[in-house]
Amino acid sequence: MRGSIIKKIWYAVLLILLIFVLSRFNFQHLVYSVQKIHVLSIVLLIGLQLISQLLLNIQWHQTTKLSNINISFRKMLYINCQGSVVDGITPGVKFGGEATRAVQISRFADCSKECAAAVVAMQKIFSMGAFLFLYMVSLFFVAESMPYLWLTVLIITVLILVAVAIIYIFKSKIKGFIFVMRQQMKTLRSNPKVCILLALLSIFLWLLYPFKMYILTITIMPDINFIYITAITFSAYIIAMIPIFPGGLGGYEATMVTLLVTLGAIQSNALVVTALFRFTTFWLVMLFSLIFVGFFKVVQKHKVYKNTCS
């Protein structure tokens with residue numbers, strides 16, 4: 001009860017802040033900022049996002065194969081789409097989406113929940129390892145001019161410590177998972193080439209995000225450095241991981257707009273760029289995922305009906 005009251009107060013404060021910010025916007029500048037974004041840039045962004053989603057599914061599919069779990073590419077895409085939908089409606093850190101993926105992998109592949117959870121953990125090792133590597137490299141180059149970005153390093157450290165503490169507290173209840181995870185790590189060591197390819201794929205996938213932001217940002221800031229865009233894009237994602245809003249909404253946008261303005265962008269330009277970026281990387285993914293999940297379920301029901309009739 002107390003938590004719900006605090007949430008309502010928090011939302012009310014954010015609404016007041018949003019109204020205050022919007023009241024200070026020059027909407028003529030906002031319209032002009034929208035007109036500056038070329039249609040081809042948006043088309044390119046959408047194309048890159050679709051490629052990102054397919055490559056991400058390839059990574060998940062290969063991770064399941066590496067774990068000796070048999071699941072088709074199409075079913076893995078369905079699982080990923082379901083996970084994306086859950087990620088979009090649950091606050092930060094993606095626990096809801098990953099739990100959904102683990103449950104569905106266990107269901108479709110007919111394997112234990114511990115094995116499915118280990119697959120999810122392995123994918124996170126590749127993904128978050130690449131994310132942290134790229135983020136630290138970008139911070140190294142911008143540390144002098146943007147020292148406050150190191151605040152996000154502190155947030156990362158806290159999140160890691162919390163995760164370690166949770167595992168330590170509940171280790172007696174997750175012995176099965178820890179045992180399976182050890183077996184998976186042995187499998188990783190015995191397949192170094194596959195591991196390297198999955199790690200490189202993770203790096204490429206994460207680099208696509210600042211690249212998409214860079215495509216938009218150069219329309220309003222032609223002299224912007226890609227390293228700076230990488231640093232602030234990843235910083236915004238870290239803030240979005242804080243479990244306050246569904247899908248990190250609000251936290252990401254506020255951080256991204258603030259950092260772009262700090263780099264010299266006009267407020268209206270920063271808002272338009274951030275909104276378009278989030279449309280392609282969040283709302284479009286949600287829309288595609290909902291359509292594919294619906295289509296998959298219709299096909300599955302049709303197959304069951306045909307089998308029943310025959």
# chains A, B, ... in the order shown; residues from 1 in each chain; ligands from 1

$ closest_atom_pairs --of "region 194-245 of chain A" --to "region 277-280 of chain A" --cutoff "9 Å" --atoms "only C-alpha atoms" --output "tab-separated table"
residue	atom	partner	partner_atom	distance
A:Lys212	CA	A:Phe277	CA	7.4
A:Met213	CA	A:Phe277	CA	6.4
A:Leu216	CA	A:Phe277	CA	7.7

$ write_last_selection --atoms "C-alpha atoms" --output "mmCIF file, in the first residue's frame"
data_model
loop_
_atom_site.group_PDB
_atom_site.id
_atom_site.type_symbol
_atom_site.label_atom_id
_atom_site.label_comp_id
_atom_site.auth_asym_id
_atom_site.auth_seq_id
_atom_site.Cartn_x
_atom_site.Cartn_y
_atom_site.Cartn_z
ATOM 1 C CA LYS A 212 21.615 4.780 -35.223
ATOM 2 C CA MET A 213 21.711 7.712 -32.803
ATOM 3 C CA LEU A 216 20.003 11.202 -36.382
#

$ residues_around --residues "region 123-138 of chain A" --least-positions-apart "6" --cutoff "8 Å" --atoms "only C-alpha atoms" --output "PyMOL selection string"
chain A and resi 59-60+63+198-199+202-203+206-207+227-228+230-231+234

$ write_last_selection --atoms "N, CA, C and O atoms" --output "PDB file, in the first residue's frame"
ATOM      1  N   GLN A  59      21.868 -14.708 -32.475  1.00  0.00           N
ATOM      2  CA  GLN A  59      22.707 -14.905 -31.288  1.00  0.00           C
ATOM      3  C   GLN A  59      22.031 -15.810 -30.264  1.00  0.00           C
ATOM      4  O   GLN A  59      22.649 -16.742 -29.740  1.00  0.00           O
ATOM      5  N   TRP A  60      20.745 -15.567 -30.008  1.00  0.00           N
ATOM      6  CA  TRP A  60      20.004 -16.418 -29.074  1.00  0.00           C
ATOM      7  C   TRP A  60      19.944 -17.862 -29.587  1.00  0.00           C
ATOM      8  O   TRP A  60      20.126 -18.812 -28.821  1.00  0.00           O
ATOM      9  N   THR A  63      23.217 -19.553 -29.160  1.00  0.00           N
ATOM     10  CA  THR A  63      23.479 -19.819 -27.741  1.00  0.00           C
ATOM     11  C   THR A  63      22.750 -21.071 -27.282  1.00  0.00           C
ATOM     12  O   THR A  63      23.296 -21.880 -26.519  1.00  0.00           O
ATOM     13  N   LEU A 198      30.221 -15.190 -31.048  1.00  0.00           N
ATOM     14  CA  LEU A 198      29.092 -14.649 -30.296  1.00  0.00           C
ATOM     15  C   LEU A 198      29.457 -13.337 -29.605  1.00  0.00           C
ATOM     16  O   LEU A 198      28.642 -12.411 -29.540  1.00  0.00           O
ATOM     17  N   ALA A 199      30.694 -13.264 -29.098  1.00  0.00           N
ATOM     18  CA  ALA A 199      31.162 -12.027 -28.452  1.00  0.00           C
ATOM     19  C   ALA A 199      31.263 -10.887 -29.470  1.00  0.00           C
ATOM     20  O   ALA A 199      30.842  -9.752 -29.208  1.00  0.00           O
ATOM     21  N   SER A 202      27.868  -9.647 -30.377  1.00  0.00           N
ATOM     22  CA  SER A 202      27.344  -8.772 -29.317  1.00  0.00           C
ATOM     23  C   SER A 202      27.910  -7.363 -29.443  1.00  0.00           C
ATOM     24  O   SER A 202      27.180  -6.376 -29.310  1.00  0.00           O
ATOM     25  N   ILE A 203      29.223  -7.275 -29.712  1.00  0.00           N
ATOM     26  CA  ILE A 203      29.857  -5.963 -29.881  1.00  0.00           C
ATOM     27  C   ILE A 203      29.237  -5.226 -31.067  1.00  0.00           C
ATOM     28  O   ILE A 203      28.910  -4.026 -30.982  1.00  0.00           O
ATOM     29  N   TRP A 206      25.662  -4.006 -30.233  1.00  0.00           N
ATOM     30  CA  TRP A 206      25.640  -2.826 -29.366  1.00  0.00           C
ATOM     31  C   TRP A 206      26.140  -1.583 -30.092  1.00  0.00           C
ATOM     32  O   TRP A 206      25.651  -0.477 -29.840  1.00  0.00           O
ATOM     33  N   LEU A 207      27.097  -1.750 -30.997  1.00  0.00           N
ATOM     34  CA  LEU A 207      27.600  -0.595 -31.759  1.00  0.00           C
ATOM     35  C   LEU A 207      26.536  -0.020 -32.688  1.00  0.00           C
ATOM     36  O   LEU A 207      26.569   1.164 -33.024  1.00  0.00           O
ATOM     37  N   ILE A 227      32.304   8.932 -30.803  1.00  0.00           N
ATOM     38  CA  ILE A 227      32.662   8.444 -29.468  1.00  0.00           C
ATOM     39  C   ILE A 227      31.765   9.086 -28.408  1.00  0.00           C
ATOM     40  O   ILE A 227      31.295   8.420 -27.475  1.00  0.00           O
ATOM     41  N   TYR A 228      31.497  10.387 -28.569  1.00  0.00           N
ATOM     42  CA  TYR A 228      30.617  11.083 -27.622  1.00  0.00           C
ATOM     43  C   TYR A 228      29.205  10.505 -27.672  1.00  0.00           C
ATOM     44  O   TYR A 228      28.565  10.317 -26.633  1.00  0.00           O
ATOM     45  N   THR A 230      28.385   7.517 -28.557  1.00  0.00           N
ATOM     46  CA  THR A 230      28.441   6.187 -27.940  1.00  0.00           C
ATOM     47  C   THR A 230      28.351   6.291 -26.423  1.00  0.00           C
ATOM     48  O   THR A 230      27.570   5.573 -25.779  1.00  0.00           O
ATOM     49  N   ALA A 231      29.137   7.200 -25.852  1.00  0.00           N
ATOM     50  CA  ALA A 231      29.171   7.368 -24.393  1.00  0.00           C
ATOM     51  C   ALA A 231      27.815   7.793 -23.840  1.00  0.00           C
ATOM     52  O   ALA A 231      27.332   7.229 -22.851  1.00  0.00           O
ATOM     53  N   PHE A 234      24.981   4.953 -24.300  1.00  0.00           N
ATOM     54  CA  PHE A 234      25.094   3.888 -23.304  1.00  0.00           C
ATOM     55  C   PHE A 234      24.763   4.399 -21.899  1.00  0.00           C
ATOM     56  O   PHE A 234      24.199   3.662 -21.080  1.00  0.00           O
TER      57      PHE A 234
END

$ atom_distance --atom1 "CA of Val293 (chain A)" --atom2 "CA of Val43 (chain A)"
23.8 Å

$ residues_around --residues "Thr258 (chain A)" --least-positions-apart "5" --cutoff "10 Å" --atoms "only C-alpha atoms" --output "ChimeraX atom specification"
/A:232,236,252-253,263,265,267,270-271

$ residues_around --residues "region 105-114 of chain A" --least-positions-apart "2" --cutoff "6 Å" --atoms "only C-alpha atoms" --output "list in words"
Asn70, Ile71, Arg101, Ala102, Val103, Ala116, Ala117 and Phe177 of chain A

$ write_last_selection --atoms "C-alpha atoms" --output "CSV table (one decimal), in the first residue's frame"
chain,number,residue,atom,x,y,z
A,70,ASN,CA,17.2,-28.0,-29.8
A,71,ILE,CA,14.9,-25.1,-30.8
A,101,ARG,CA,12.4,-16.2,-22.3
A,102,ALA,CA,13.6,-18.8,-19.8
A,103,VAL,CA,10.1,-20.2,-19.3
A,116,ALA,CA,16.8,-22.6,-19.8
A,117,ALA,CA,17.9,-20.1,-17.2
A,177,PHE,CA,21.0,-23.5,-11.7

$ residues_around --residues "Leu48 (chain A)" --least-positions-apart "2" --cutoff "10 Å" --atoms "only C-alpha atoms" --output "NGL selection string"
:A and (42-46 or 50-54 or 208-209 or 211-212 or 280-281)

$ atom_distance --atom1 "CA of Leu56 (chain A)" --atom2 "CA of Leu40 (chain A)"
24.0 Å

$ closest_residue --among "A:Cys115, A:Asn225, A:Leu201, A:Thr262" --to "Asn57 (chain A)" --atoms "only C-alpha atoms"
A:Leu201

$ residues_around --residues "Tyr237 (chain A)" --least-positions-apart "4" --cutoff "9 Å" --atoms "only C-alpha atoms" --output "list in words"
Ile232, Thr233, Met241, Gly248, Gly251, Tyr252, Thr255 and Met256 of chain A

$ atom_distance --atom1 "CA of Thr64 (chain A)" --atom2 "CA of Lys186 (chain A)"
14.8 Å

$ closest_residue --among "A:Ser268, A:Thr157, A:Asn191, A:Thr100" --to "Asn80 (chain A)" --atoms "only C-alpha atoms"
A:Thr100

$ closest_residue --among "A:Val194, A:Ala240, A:Leu66, A:Leu161" --to "Val119 (chain A)" --atoms "only C-alpha atoms"
A:Leu66
